[in-house]
Structures are given as C-alpha cells and as structure tokens.
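Colleague: What follows is structure-v3.cif, made up of mmCIF, N, CA and C atoms:
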data_model
#
loop_
_atom_site.label_atom_id
_atom_site.label_comp_id
_atom_site.auth_asym_id
_atom_site.auth_seq_id
_atom_site.Cartn_x
_atom_site.Cartn_y
_atom_site.Cartn_z
N MET A 13 16.73 -73.11 36.05
CA MET A 13 16.33 -72.65 37.35
C MET A 13 17.42 -71.75 37.96
N LYS A 14 18.72 -72.09 37.74
CA LYS A 14 19.80 -71.25 38.26
C LYS A 14 19.70 -69.84 37.70
N HIS A 15 19.37 -69.75 36.42
CA HIS A 15 19.25 -68.44 35.78
C HIS A 15 18.12 -67.63 36.42
N GLN A 16 17.01 -68.30 36.74
CA GLN A 16 15.89 -67.61 37.37
C GLN A 16 16.28 -67.09 38.75
N ILE A 17 17.00 -67.89 39.52
CA ILE A 17 17.42 -67.48 40.86
C ILE A 17 18.39 -66.31 40.77
N PHE A 18 19.35 -66.38 39.83
CA PHE A 18 20.29 -65.27 39.64
C PHE A 18 19.53 -64.01 39.25
N SER A 19 18.54 -64.15 38.37
CA SER A 19 17.74 -63.00 37.96
C SER A 19 16.99 -62.41 39.14
N MET A 20 16.45 -63.27 40.00
CA MET A 20 15.73 -62.77 41.17
C MET A 20 16.66 -62.04 42.13
N LEU A 21 17.86 -62.55 42.33
CA LEU A 21 18.82 -61.88 43.21
C LEU A 21 19.21 -60.52 42.61
N SER A 22 19.41 -60.48 41.32
CA SER A 22 19.71 -59.21 40.65
C SER A 22 18.54 -58.25 40.80
N LEU A 23 17.35 -58.78 40.71
CA LEU A 23 16.16 -57.97 40.86
C LEU A 23 16.07 -57.37 42.26
N LEU A 24 16.41 -58.13 43.26
CA LEU A 24 16.38 -57.61 44.63
C LEU A 24 17.40 -56.50 44.81
N LEU A 25 18.55 -56.60 44.14
CA LEU A 25 19.52 -55.51 44.17
C LEU A 25 18.92 -54.28 43.51
N ALA A 26 18.21 -54.47 42.41
CA ALA A 26 17.56 -53.34 41.75
C ALA A 26 16.51 -52.72 42.67
N CYS A 27 15.84 -53.53 43.48
CA CYS A 27 14.87 -53.00 44.45
C CYS A 27 15.56 -52.08 45.44
N ALA A 28 16.71 -52.50 45.92
CA ALA A 28 17.45 -51.66 46.87
C ALA A 28 17.86 -50.35 46.22
N LEU A 29 18.29 -50.39 44.97
CA LEU A 29 18.64 -49.17 44.25
C LEU A 29 17.42 -48.29 44.06
N LEU A 30 16.29 -48.90 43.81
CA LEU A 30 15.05 -48.16 43.64
C LEU A 30 14.70 -47.41 44.92
N CYS A 31 14.82 -48.09 46.04
CA CYS A 31 14.55 -47.44 47.32
C CYS A 31 15.46 -46.23 47.50
N ALA A 32 16.72 -46.40 47.18
CA ALA A 32 17.68 -45.30 47.34
C ALA A 32 17.33 -44.14 46.41
N ALA A 33 16.90 -44.43 45.20
CA ALA A 33 16.56 -43.37 44.25
C ALA A 33 15.39 -42.55 44.75
N LEU A 34 14.34 -43.20 45.21
CA LEU A 34 13.19 -42.46 45.72
C LEU A 34 13.51 -41.75 47.02
N THR A 35 14.32 -42.35 47.84
CA THR A 35 14.69 -41.75 49.12
C THR A 35 15.42 -40.45 48.91
N GLY A 36 16.27 -40.37 47.92
CA GLY A 36 17.04 -39.17 47.69
C GLY A 36 16.23 -38.00 47.18
N CYS A 37 15.03 -38.24 46.71
CA CYS A 37 14.25 -37.17 46.09
C CYS A 37 13.04 -36.75 46.89
N VAL A 38 12.71 -37.44 47.96
CA VAL A 38 11.47 -37.10 48.65
C VAL A 38 11.52 -35.74 49.30
N SER A 39 12.69 -35.22 49.60
CA SER A 39 12.76 -33.91 50.24
C SER A 39 12.28 -32.80 49.31
N LYS A 40 12.17 -33.07 48.02
CA LYS A 40 11.71 -32.07 47.06
C LYS A 40 10.20 -31.87 47.10
N ILE A 41 9.47 -32.72 47.79
CA ILE A 41 8.02 -32.69 47.72
C ILE A 41 7.44 -31.45 48.36
N GLY A 42 7.98 -31.01 49.45
CA GLY A 42 7.43 -29.83 50.09
C GLY A 42 7.31 -30.01 51.58
N GLY A 43 6.70 -29.03 52.20
CA GLY A 43 6.63 -28.98 53.65
C GLY A 43 5.71 -30.01 54.25
N ASN A 44 5.78 -30.07 55.55
CA ASN A 44 4.97 -30.97 56.34
C ASN A 44 3.84 -30.15 56.94
N ASP A 45 2.75 -29.97 56.19
CA ASP A 45 1.67 -29.06 56.57
C ASP A 45 0.54 -29.76 57.31
N GLY A 46 0.79 -30.87 57.94
CA GLY A 46 -0.26 -31.56 58.68
C GLY A 46 -0.86 -32.69 57.87
N PRO A 47 -1.87 -33.37 58.43
CA PRO A 47 -2.47 -34.52 57.76
C PRO A 47 -3.15 -34.14 56.45
N LEU A 48 -3.06 -35.03 55.51
CA LEU A 48 -3.73 -34.82 54.23
C LEU A 48 -5.22 -35.11 54.38
N SER A 49 -6.02 -34.43 53.57
CA SER A 49 -7.46 -34.52 53.75
C SER A 49 -8.03 -35.86 53.29
N ASP A 50 -7.45 -36.48 52.29
CA ASP A 50 -7.98 -37.76 51.83
C ASP A 50 -6.93 -38.53 51.04
N VAL A 51 -7.30 -39.74 50.67
CA VAL A 51 -6.37 -40.62 49.95
C VAL A 51 -5.99 -40.02 48.60
N LYS A 52 -6.90 -39.30 47.96
CA LYS A 52 -6.58 -38.69 46.67
C LYS A 52 -5.42 -37.71 46.82
N ASP A 53 -5.47 -36.86 47.84
CA ASP A 53 -4.37 -35.93 48.09
C ASP A 53 -3.08 -36.67 48.39
N LEU A 54 -3.19 -37.72 49.17
CA LEU A 54 -2.02 -38.52 49.52
C LEU A 54 -1.42 -39.17 48.28
N ASN A 55 -2.26 -39.73 47.43
CA ASN A 55 -1.78 -40.32 46.19
C ASN A 55 -1.09 -39.28 45.31
N GLU A 56 -1.64 -38.08 45.26
CA GLU A 56 -1.02 -37.01 44.47
C GLU A 56 0.37 -36.66 45.00
N GLN A 57 0.53 -36.62 46.31
CA GLN A 57 1.84 -36.35 46.91
C GLN A 57 2.84 -37.45 46.56
N ILE A 58 2.40 -38.69 46.63
CA ILE A 58 3.27 -39.81 46.30
C ILE A 58 3.64 -39.77 44.82
N GLU A 59 2.67 -39.53 43.96
CA GLU A 59 2.93 -39.44 42.53
C GLU A 59 3.91 -38.31 42.22
N GLN A 60 3.83 -37.21 42.96
CA GLN A 60 4.77 -36.11 42.76
C GLN A 60 6.18 -36.55 43.12
N ALA A 61 6.33 -37.30 44.19
CA ALA A 61 7.65 -37.81 44.57
C ALA A 61 8.21 -38.72 43.49
N ILE A 62 7.36 -39.53 42.91
CA ILE A 62 7.78 -40.42 41.82
C ILE A 62 8.22 -39.59 40.62
N ALA A 63 7.42 -38.59 40.28
CA ALA A 63 7.76 -37.73 39.13
C ALA A 63 9.08 -37.00 39.37
N ASP A 64 9.30 -36.54 40.59
CA ASP A 64 10.54 -35.85 40.93
C ASP A 64 11.75 -36.77 40.84
N SER A 65 11.52 -38.07 40.94
CA SER A 65 12.60 -39.05 40.93
C SER A 65 12.80 -39.71 39.56
N ALA A 66 12.08 -39.27 38.55
CA ALA A 66 12.08 -39.94 37.25
C ALA A 66 13.47 -40.14 36.67
N GLU A 67 14.32 -39.15 36.81
CA GLU A 67 15.68 -39.26 36.25
C GLU A 67 16.46 -40.41 36.88
N GLN A 68 16.30 -40.59 38.18
CA GLN A 68 17.00 -41.68 38.86
C GLN A 68 16.33 -43.03 38.63
N LEU A 69 15.03 -43.02 38.36
CA LEU A 69 14.29 -44.27 38.21
C LEU A 69 14.46 -44.89 36.83
N ASP A 70 14.64 -44.08 35.80
CA ASP A 70 14.74 -44.63 34.44
C ASP A 70 15.85 -45.67 34.29
N PRO A 71 17.08 -45.43 34.78
CA PRO A 71 18.11 -46.47 34.65
C PRO A 71 17.76 -47.75 35.42
N ILE A 72 17.07 -47.60 36.54
CA ILE A 72 16.67 -48.78 37.31
C ILE A 72 15.63 -49.58 36.53
N LYS A 73 14.68 -48.88 35.92
CA LYS A 73 13.67 -49.56 35.11
C LYS A 73 14.33 -50.29 33.93
N GLN A 74 15.35 -49.68 33.33
CA GLN A 74 16.06 -50.32 32.23
C GLN A 74 16.79 -51.57 32.72
N SER A 75 17.38 -51.48 33.90
CA SER A 75 18.07 -52.63 34.47
C SER A 75 17.10 -53.77 34.74
N VAL A 76 15.95 -53.44 35.29
CA VAL A 76 14.93 -54.46 35.55
C VAL A 76 14.43 -55.06 34.24
N ALA A 77 14.28 -54.22 33.21
CA ALA A 77 13.84 -54.72 31.90
C ALA A 77 14.84 -55.71 31.32
N SER A 78 16.13 -55.47 31.56
CA SER A 78 17.15 -56.40 31.05
C SER A 78 17.07 -57.75 31.76
N MET A 79 16.38 -57.80 32.90
CA MET A 79 16.18 -59.06 33.63
C MET A 79 14.86 -59.71 33.28
N GLY A 80 14.15 -59.16 32.28
CA GLY A 80 12.91 -59.79 31.83
C GLY A 80 11.67 -59.35 32.60
N MET A 81 11.70 -58.12 33.13
CA MET A 81 10.54 -57.62 33.87
C MET A 81 10.28 -56.17 33.52
N ASP A 82 9.03 -55.78 33.65
CA ASP A 82 8.65 -54.38 33.57
C ASP A 82 8.44 -53.89 35.00
N LEU A 83 8.84 -52.67 35.27
CA LEU A 83 8.67 -52.07 36.59
C LEU A 83 7.75 -50.87 36.46
N ASP A 84 6.71 -50.87 37.26
CA ASP A 84 5.81 -49.73 37.33
C ASP A 84 5.81 -49.25 38.77
N ILE A 85 5.92 -47.94 38.96
CA ILE A 85 5.95 -47.34 40.29
C ILE A 85 4.80 -46.34 40.34
N PHE A 86 3.93 -46.50 41.34
CA PHE A 86 2.74 -45.66 41.40
C PHE A 86 2.18 -45.63 42.82
N ALA A 87 1.20 -44.76 43.01
CA ALA A 87 0.49 -44.68 44.29
C ALA A 87 -0.80 -45.48 44.19
N ARG A 88 -1.11 -46.21 45.26
CA ARG A 88 -2.36 -46.96 45.33
C ARG A 88 -2.87 -46.86 46.76
N GLU A 89 -4.04 -46.29 46.92
CA GLU A 89 -4.70 -46.22 48.23
C GLU A 89 -3.77 -45.69 49.32
N GLY A 90 -3.00 -44.66 48.99
CA GLY A 90 -2.12 -44.04 49.97
C GLY A 90 -0.79 -44.76 50.19
N SER A 91 -0.48 -45.72 49.34
CA SER A 91 0.77 -46.47 49.44
C SER A 91 1.61 -46.27 48.19
N LEU A 92 2.92 -46.34 48.37
CA LEU A 92 3.85 -46.35 47.24
C LEU A 92 3.99 -47.80 46.81
N VAL A 93 3.80 -48.06 45.51
CA VAL A 93 3.82 -49.44 45.01
C VAL A 93 4.95 -49.61 43.99
N TYR A 94 5.78 -50.64 44.21
CA TYR A 94 6.75 -51.09 43.22
C TYR A 94 6.16 -52.37 42.64
N SER A 95 5.72 -52.32 41.39
CA SER A 95 5.07 -53.46 40.76
C SER A 95 5.96 -54.01 39.65
N TYR A 96 6.44 -55.23 39.84
CA TYR A 96 7.30 -55.90 38.87
C TYR A 96 6.46 -56.94 38.12
N ARG A 97 6.50 -56.89 36.78
CA ARG A 97 5.75 -57.86 35.99
C ARG A 97 6.72 -58.58 35.05
N TYR A 98 6.72 -59.91 35.14
CA TYR A 98 7.56 -60.71 34.25
C TYR A 98 7.06 -60.58 32.82
N THR A 99 7.98 -60.49 31.87
CA THR A 99 7.61 -60.38 30.46
C THR A 99 7.61 -61.74 29.77
N THR A 100 8.06 -62.75 30.47
CA THR A 100 8.09 -64.12 29.95
C THR A 100 7.04 -64.95 30.67
N GLU A 101 6.41 -65.82 29.95
CA GLU A 101 5.41 -66.72 30.54
C GLU A 101 6.13 -67.88 31.24
N TYR A 102 5.71 -68.19 32.47
CA TYR A 102 6.28 -69.32 33.22
C TYR A 102 5.16 -70.27 33.62
N ASP A 103 5.49 -71.56 33.73
CA ASP A 103 4.49 -72.53 34.15
C ASP A 103 4.30 -72.47 35.67
N LYS A 104 3.31 -73.20 36.17
CA LYS A 104 2.96 -73.16 37.60
C LYS A 104 4.11 -73.57 38.49
N ASP A 105 4.87 -74.59 38.09
CA ASP A 105 5.98 -75.05 38.92
C ASP A 105 7.06 -73.98 39.04
N ALA A 106 7.38 -73.34 37.93
CA ALA A 106 8.39 -72.28 37.96
C ALA A 106 7.91 -71.11 38.81
N LEU A 107 6.63 -70.74 38.68
CA LEU A 107 6.09 -69.63 39.47
C LEU A 107 6.12 -69.95 40.96
N ALA A 108 5.85 -71.20 41.32
CA ALA A 108 5.90 -71.60 42.73
C ALA A 108 7.32 -71.46 43.28
N ALA A 109 8.31 -71.89 42.50
CA ALA A 109 9.71 -71.76 42.94
C ALA A 109 10.11 -70.29 43.02
N MET A 110 9.65 -69.50 42.07
CA MET A 110 9.95 -68.07 42.07
C MET A 110 9.32 -67.40 43.29
N LYS A 111 8.10 -67.77 43.63
CA LYS A 111 7.42 -67.19 44.80
C LYS A 111 8.23 -67.42 46.06
N THR A 112 8.72 -68.63 46.23
CA THR A 112 9.52 -68.94 47.41
C THR A 112 10.77 -68.07 47.48
N ALA A 113 11.48 -67.97 46.37
CA ALA A 113 12.70 -67.16 46.34
C ALA A 113 12.39 -65.67 46.53
N LEU A 114 11.32 -65.20 45.91
CA LEU A 114 10.95 -63.79 46.05
C LEU A 114 10.51 -63.46 47.47
N ASP A 115 9.74 -64.34 48.09
CA ASP A 115 9.32 -64.14 49.48
C ASP A 115 10.54 -64.06 50.40
N ASP A 116 11.52 -64.94 50.18
CA ASP A 116 12.74 -64.90 50.97
C ASP A 116 13.46 -63.56 50.78
N GLY A 117 13.55 -63.11 49.53
CA GLY A 117 14.20 -61.85 49.24
C GLY A 117 13.48 -60.67 49.88
N LEU A 118 12.17 -60.68 49.84
CA LEU A 118 11.39 -59.60 50.47
C LEU A 118 11.61 -59.58 51.97
N ALA A 119 11.68 -60.74 52.59
CA ALA A 119 11.92 -60.81 54.03
C ALA A 119 13.34 -60.36 54.36
N ASN A 120 14.31 -60.81 53.57
CA ASN A 120 15.71 -60.47 53.83
C ASN A 120 16.02 -58.99 53.62
N ASN A 121 15.24 -58.32 52.78
CA ASN A 121 15.47 -56.91 52.48
C ASN A 121 14.48 -55.99 53.20
N GLU A 122 13.82 -56.50 54.20
CA GLU A 122 12.82 -55.71 54.93
C GLU A 122 13.41 -54.40 55.45
N SER A 123 14.60 -54.43 56.00
CA SER A 123 15.18 -53.21 56.57
C SER A 123 15.40 -52.14 55.50
N THR A 124 15.76 -52.54 54.29
CA THR A 124 15.95 -51.59 53.19
C THR A 124 14.63 -50.93 52.83
N PHE A 125 13.58 -51.73 52.74
CA PHE A 125 12.27 -51.18 52.38
C PHE A 125 11.71 -50.31 53.51
N LEU A 126 11.93 -50.71 54.75
CA LEU A 126 11.46 -49.90 55.87
C LEU A 126 12.19 -48.57 55.95
N LEU A 127 13.48 -48.57 55.63
CA LEU A 127 14.25 -47.32 55.60
C LEU A 127 13.69 -46.39 54.53
N SER A 128 13.42 -46.94 53.36
CA SER A 128 12.84 -46.14 52.28
C SER A 128 11.48 -45.58 52.69
N LEU A 129 10.66 -46.38 53.32
CA LEU A 129 9.35 -45.94 53.79
C LEU A 129 9.50 -44.83 54.83
N SER A 130 10.41 -45.02 55.75
CA SER A 130 10.65 -44.02 56.80
C SER A 130 11.07 -42.69 56.19
N GLN A 131 11.94 -42.73 55.22
CA GLN A 131 12.41 -41.50 54.60
C GLN A 131 11.32 -40.87 53.74
N MET A 132 10.48 -41.68 53.13
CA MET A 132 9.36 -41.15 52.37
C MET A 132 8.37 -40.46 53.31
N ARG A 133 8.20 -41.03 54.50
CA ARG A 133 7.29 -40.43 55.48
C ARG A 133 7.78 -39.07 55.97
N ALA A 134 9.06 -38.79 55.84
CA ALA A 134 9.56 -37.47 56.20
C ALA A 134 8.93 -36.41 55.30
N ALA A 135 8.62 -36.76 54.08
CA ALA A 135 8.02 -35.83 53.13
C ALA A 135 6.51 -35.99 53.03
N VAL A 136 6.04 -37.23 53.16
CA VAL A 136 4.61 -37.53 53.06
C VAL A 136 4.23 -38.32 54.32
N PRO A 137 3.98 -37.60 55.42
CA PRO A 137 3.81 -38.27 56.72
C PRO A 137 2.68 -39.29 56.79
N ASP A 138 1.64 -39.11 55.98
CA ASP A 138 0.48 -39.99 56.09
C ASP A 138 0.54 -41.20 55.17
N ILE A 139 1.68 -41.42 54.50
CA ILE A 139 1.78 -42.57 53.61
C ILE A 139 1.46 -43.85 54.40
N VAL A 140 0.67 -44.70 53.81
CA VAL A 140 0.19 -45.90 54.49
C VAL A 140 1.27 -46.98 54.54
N SER A 141 1.88 -47.26 53.39
CA SER A 141 2.86 -48.34 53.33
C SER A 141 3.65 -48.26 52.03
N LEU A 142 4.64 -49.10 51.95
CA LEU A 142 5.38 -49.33 50.72
C LEU A 142 5.06 -50.77 50.33
N VAL A 143 4.53 -50.96 49.14
CA VAL A 143 4.13 -52.29 48.68
C VAL A 143 5.06 -52.72 47.56
N VAL A 144 5.56 -53.94 47.65
CA VAL A 144 6.35 -54.54 46.58
C VAL A 144 5.56 -55.74 46.10
N GLU A 145 5.26 -55.76 44.80
CA GLU A 145 4.50 -56.88 44.25
C GLU A 145 5.18 -57.41 43.00
N TYR A 146 5.07 -58.72 42.83
CA TYR A 146 5.61 -59.39 41.65
C TYR A 146 4.45 -60.05 40.93
N LEU A 147 4.34 -59.78 39.64
CA LEU A 147 3.23 -60.29 38.84
C LEU A 147 3.75 -61.21 37.74
N ALA A 148 2.95 -62.22 37.42
CA ALA A 148 3.23 -63.06 36.26
C ALA A 148 2.92 -62.25 35.01
N LYS A 149 3.30 -62.76 33.87
CA LYS A 149 3.07 -62.05 32.60
C LYS A 149 1.60 -61.68 32.41
N ASP A 150 0.70 -62.55 32.85
CA ASP A 150 -0.73 -62.30 32.67
C ASP A 150 -1.32 -61.34 33.72
N GLY A 151 -0.49 -60.88 34.64
CA GLY A 151 -0.94 -59.92 35.65
C GLY A 151 -1.37 -60.52 36.97
N THR A 152 -1.39 -61.85 37.06
CA THR A 152 -1.73 -62.45 38.35
C THR A 152 -0.58 -62.26 39.33
N VAL A 153 -0.92 -62.07 40.58
CA VAL A 153 0.08 -61.80 41.61
C VAL A 153 0.81 -63.09 41.98
N ILE A 154 2.14 -63.05 41.89
CA ILE A 154 2.96 -64.16 42.35
C ILE A 154 3.12 -64.03 43.85
N THR A 155 3.54 -62.84 44.27
CA THR A 155 3.66 -62.53 45.70
C THR A 155 3.65 -61.03 45.88
N SER A 156 3.33 -60.61 47.08
CA SER A 156 3.25 -59.19 47.40
C SER A 156 3.52 -59.02 48.88
N ARG A 157 4.12 -57.90 49.22
CA ARG A 157 4.37 -57.62 50.64
C ARG A 157 4.24 -56.13 50.87
N ALA A 158 3.53 -55.77 51.92
CA ALA A 158 3.38 -54.37 52.32
C ALA A 158 4.25 -54.13 53.55
N TYR A 159 5.03 -53.08 53.50
CA TYR A 159 5.87 -52.66 54.63
C TYR A 159 5.21 -51.44 55.22
N THR A 160 4.83 -51.53 56.51
CA THR A 160 4.13 -50.44 57.16
C THR A 160 4.98 -49.72 58.20
N GLY A 161 6.00 -50.38 58.69
CA GLY A 161 6.84 -49.78 59.71
C GLY A 161 6.21 -49.78 61.08
N ASN A 162 5.08 -50.43 61.23
CA ASN A 162 4.42 -50.49 62.54
C ASN A 162 4.69 -51.79 63.24
#
Since I need it in another form, could you write the structure as structure tokens?
Modeller:
Amino acid sequence: MKHQIFSMLSLLLACALLCAALTGCVSKIGGNDGPLSDVKDLNEQIEQAIADSAEQLDPIKQSVASMGMDLDIFAREGSLVYSYRYTTEYDKDALAAMKTALDDGLANNESTFLLSLSQMRAAVPDIVSLVVEYLAKDGTVITSRAYTGN
C-alpha cells in the first residue's frame, strides 16, 4: 500500500508537469477570433494545442508509464482531458483506497489545474473544462474531476 501511495504522489507531480507543458504551448494555437461555431471546432483547437505540445508531453507520458499507468491526452466535448489508466489489475479494496488518495490529490492540486485551464482559455476561450480522470486497467473510472474555473 505504501508503494501505491508513493506512486500516486509521484503521479500528481507528473500532473503538475503536464499542466505546465500544455500551458507553455497554448500561445501557438492562434488568435482569439471570437466564439467557436461548435464543439467539433473547439475539439479541433484543443487537439491542435496537444499536438503543438507533443515534444514536452512525451517525457511526461514516459514518466507516468514508469509508474504503471498510460496517459492519454485528448479533447472530449469541448474539454481537455488527462486520462490516466493503470496497467496493473487491482482488487476492489485497493481501488477504493486509491480513489480516496486520488480524490485528495485532485482537491489539493485544484489551483494548478485551474491555472492550466485559465492559460488554455487564453488561446481557446470557449474551452469548457479541464478533466482529470483515473481509470482501472479494464477502463472503468476510479475517479474523475472536471475543473471549470467557475
């Protein structure tokens, strides 16, 4: 259990680095030409920001992989999503303990995620939220949190 908690704390540090990596690249997206016409356009803008940040994101993904997780970053319904999936199977008791620790980490790092969202909105003003989700190996959601800044 100590190893799992240390891994989760390391993972939260990787989340903060991820926010910084995307934050540094959003200015490359382009001008602020008014509201986007639909979610598809918004998703395309978010995906472009992710693509522009690929060089900075690859080392973070490798770091997360060394902690036993896969990291996928994508746009969903106008939101930027950080999706972490464990590569090891855990039983229900372990997942329950992990959920508690992950929820605490998400709450404690709210300001970091809100800063990243705020800076992303400078480039993509209509972005809905920044979502951080943790998935079990089978894809079921352990926990998820959306940061809207509202």
Colleague: A:Thr155, A:Ser75, A:Ser141, A:Ser128: which is nearest Met110 in chain A, counting only N, CA and C atoms?
Modeller: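 Closest candidate: A:Thr155.
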Colleague: Choose the residue, out of A:Ala119, A:Asn55, A:Tyr96, A:Gly80, that has the smallest atom-to-atom separation from Leu147 in chain A; count all atoms listed in the file.
Modeller: A:Tyr96
Colleague: Using the chain letters and numbers from the file, which residues does the PyMOL selection byres (((chain A and resi 98-108 and name CA) around 6) and name CA) grab, as a PyMOL selection string?
Modeller: chain A and resi 80-81+97+109-111+148-149
Colleague: Which distance in Å separates CA of Gln131 in chain A and CA of Glu56 in chain A, to one decimal?
Modeller: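 A separation of 17.4 Å between them.
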Colleague: With distances taken over only C-alpha atoms, which of A:Glu89, A:Glu145, A:Glu122, A:Asp116 is nearest to Ile58 in chain A?
Modeller: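 Closest to Ile58 in chain A, using only C-alpha atoms: A:Glu89.
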Colleague: Using only N, CA and C atoms, which residue out of A:Ser95, A:Ser123, A:Asn162, A:Gln60 lies closest to Val143 in chain A?
Modeller: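 Selected residue with least distance to Val143 in chain A: A:Ser95.
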Colleague: For a test of reading the model, state the distance in Å between atom C of Leu127 in chain A and CA of Thr160 in chain A, rounded to one decimal.
Modeller: 10.7 Å
Colleague: Check which residues satisfy the PyMOL selection byres (((chain A and resi 158 and name CA) around 10) and name CA) in the file shown, then give them as a PyMOL selection string.
Modeller: chain A and resi 91-93+118+122+125-126+140-145+156-157+159-161
Colleague: Can you write just those residues out, N, CA and C atoms, as a PDB file, in the coordinates of the input?
Modeller:
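Saved to selection.pdb:
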ATOM      1  N   SER A  91      -0.480 -45.720  49.340  1.00  0.00           N
ATOM      2  CA  SER A  91       0.770 -46.470  49.440  1.00  0.00           C
ATOM      3  C   SER A  91       1.610 -46.270  48.190  1.00  0.00           C
ATOM      4  N   LEU A  92       2.920 -46.340  48.370  1.00  0.00           N
ATOM      5  CA  LEU A  92       3.850 -46.350  47.240  1.00  0.00           C
ATOM      6  C   LEU A  92       3.990 -47.800  46.810  1.00  0.00           C
ATOM      7  N   VAL A  93       3.800 -48.060  45.510  1.00  0.00           N
ATOM      8  CA  VAL A  93       3.820 -49.440  45.010  1.00  0.00           C
ATOM      9  C   VAL A  93       4.950 -49.610  43.990  1.00  0.00           C
ATOM     10  N   LEU A 118      12.170 -60.680  49.840  1.00  0.00           N
ATOM     11  CA  LEU A 118      11.390 -59.600  50.470  1.00  0.00           C
ATOM     12  C   LEU A 118      11.610 -59.580  51.970  1.00  0.00           C
ATOM     13  N   GLU A 122      13.820 -56.500  54.200  1.00  0.00           N
ATOM     14  CA  GLU A 122      12.820 -55.710  54.930  1.00  0.00           C
ATOM     15  C   GLU A 122      13.410 -54.400  55.450  1.00  0.00           C
ATOM     16  N   PHE A 125      13.580 -51.730  52.740  1.00  0.00           N
ATOM     17  CA  PHE A 125      12.270 -51.180  52.380  1.00  0.00           C
ATOM     18  C   PHE A 125      11.710 -50.310  53.510  1.00  0.00           C
ATOM     19  N   LEU A 126      11.930 -50.710  54.750  1.00  0.00           N
ATOM     20  CA  LEU A 126      11.460 -49.900  55.870  1.00  0.00           C
ATOM     21  C   LEU A 126      12.190 -48.570  55.950  1.00  0.00           C
ATOM     22  N   VAL A 140       0.670 -44.700  53.810  1.00  0.00           N
ATOM     23  CA  VAL A 140       0.190 -45.900  54.490  1.00  0.00           C
ATOM     24  C   VAL A 140       1.270 -46.980  54.540  1.00  0.00           C
ATOM     25  N   SER A 141       1.880 -47.260  53.390  1.00  0.00           N
ATOM     26  CA  SER A 141       2.860 -48.340  53.330  1.00  0.00           C
ATOM     27  C   SER A 141       3.650 -48.260  52.030  1.00  0.00           C
ATOM     28  N   LEU A 142       4.640 -49.100  51.950  1.00  0.00           N
ATOM     29  CA  LEU A 142       5.380 -49.330  50.720  1.00  0.00           C
ATOM     30  C   LEU A 142       5.060 -50.770  50.330  1.00  0.00           C
ATOM     31  N   VAL A 143       4.530 -50.960  49.140  1.00  0.00           N
ATOM     32  CA  VAL A 143       4.130 -52.290  48.680  1.00  0.00           C
ATOM     33  C   VAL A 143       5.060 -52.720  47.560  1.00  0.00           C
ATOM     34  N   VAL A 144       5.560 -53.940  47.650  1.00  0.00           N
ATOM     35  CA  VAL A 144       6.350 -54.540  46.580  1.00  0.00           C
ATOM     36  C   VAL A 144       5.560 -55.740  46.100  1.00  0.00           C
ATOM     37  N   GLU A 145       5.260 -55.760  44.800  1.00  0.00           N
ATOM     38  CA  GLU A 145       4.500 -56.880  44.250  1.00  0.00           C
ATOM     39  C   GLU A 145       5.180 -57.410  43.000  1.00  0.00           C
ATOM     40  N   SER A 156       3.330 -60.610  47.080  1.00  0.00           N
ATOM     41  CA  SER A 156       3.250 -59.190  47.400  1.00  0.00           C
ATOM     42  C   SER A 156       3.520 -59.020  48.880  1.00  0.00           C
ATOM     43  N   ARG A 157       4.120 -57.900  49.220  1.00  0.00           N
ATOM     44  CA  ARG A 157       4.370 -57.620  50.640  1.00  0.00           C
ATOM     45  C   ARG A 157       4.240 -56.130  50.870  1.00  0.00           C
ATOM     46  N   TYR A 159       5.030 -53.080  53.500  1.00  0.00           N
ATOM     47  CA  TYR A 159       5.870 -52.660  54.630  1.00  0.00           C
ATOM     48  C   TYR A 159       5.210 -51.440  55.220  1.00  0.00           C
ATOM     49  N   THR A 160       4.830 -51.530  56.510  1.00  0.00           N
ATOM     50  CA  THR A 160       4.130 -50.440  57.160  1.00  0.00           C
ATOM     51  C   THR A 160       4.980 -49.720  58.200  1.00  0.00           C
ATOM     52  N   GLY A 161       6.000 -50.380  58.690  1.00  0.00           N
ATOM     53  CA  GLY A 161       6.840 -49.780  59.710  1.00  0.00           C
ATOM     54  C   GLY A 161       6.210 -49.780  61.080  1.00  0.00           C
TER      55      GLY A 161
END
Colleague: Just give me the gap between CA of Asp70 in chain A and CA of Ile154 in chain A in Å, one decimal is fine.
Modeller: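 Going from CA of Asp70 in chain A over to CA of Ile154 in chain A, I get 24.1 Å.
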Colleague: From the options A:Asn120, A:Phe86, A:Pro137, A:Asp115, which residue's atoms come nearest to Ser65 in chain A, counting only C-alpha atoms?
Modeller: A:Phe86
Colleague: Show which residues sit within 9 Å of Leu54 in chain A, as a list in words. Count only C-alpha atoms, and ignore same-chain residues fewer than 3 positions away.
Modeller: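 Contacts, with the query itself left out: Leu48, Ser49, Asp50, Val51, Gln57, Ile58, Glu59, Ala87, Glu89, Gly90, Ser91, Val136, Asp138 and Ile139 of chain A.
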Colleague: Let's have the selection written as a short mmCIF file (atom, residue, chain, number, x, y, z; two decimals), in the coordinates of the input, with N, CA and C atoms.
Modeller:
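The file below, again-v1.cif, is the result:
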data_model
loop_
_atom_site.label_atom_id
_atom_site.label_comp_id
_atom_site.auth_asym_id
_atom_site.auth_seq_id
_atom_site.Cartn_x
_atom_site.Cartn_y
_atom_site.Cartn_z
N LEU A 48 -3.06 -35.03 55.51
CA LEU A 48 -3.73 -34.82 54.23
C LEU A 48 -5.22 -35.11 54.38
N SER A 49 -6.02 -34.43 53.57
CA SER A 49 -7.46 -34.52 53.75
C SER A 49 -8.03 -35.86 53.29
N ASP A 50 -7.45 -36.48 52.29
CA ASP A 50 -7.98 -37.76 51.83
C ASP A 50 -6.93 -38.53 51.04
N VAL A 51 -7.30 -39.74 50.67
CA VAL A 51 -6.37 -40.62 49.95
C VAL A 51 -5.99 -40.02 48.60
N GLN A 57 0.53 -36.62 46.31
CA GLN A 57 1.84 -36.35 46.91
C GLN A 57 2.84 -37.45 46.56
N ILE A 58 2.40 -38.69 46.63
CA ILE A 58 3.27 -39.81 46.30
C ILE A 58 3.64 -39.77 44.82
N GLU A 59 2.67 -39.53 43.96
CA GLU A 59 2.93 -39.44 42.53
C GLU A 59 3.91 -38.31 42.22
N ALA A 87 1.20 -44.76 43.01
CA ALA A 87 0.49 -44.68 44.29
C ALA A 87 -0.80 -45.48 44.19
N GLU A 89 -4.04 -46.29 46.92
CA GLU A 89 -4.70 -46.22 48.23
C GLU A 89 -3.77 -45.69 49.32
N GLY A 90 -3.00 -44.66 48.99
CA GLY A 90 -2.12 -44.04 49.97
C GLY A 90 -0.79 -44.76 50.19
N SER A 91 -0.48 -45.72 49.34
CA SER A 91 0.77 -46.47 49.44
C SER A 91 1.61 -46.27 48.19
N VAL A 136 6.04 -37.23 53.16
CA VAL A 136 4.61 -37.53 53.06
C VAL A 136 4.23 -38.32 54.32
N ASP A 138 1.64 -39.11 55.98
CA ASP A 138 0.48 -39.99 56.09
C ASP A 138 0.54 -41.20 55.17
N ILE A 139 1.68 -41.42 54.50
CA ILE A 139 1.78 -42.57 53.61
C ILE A 139 1.46 -43.85 54.40
#
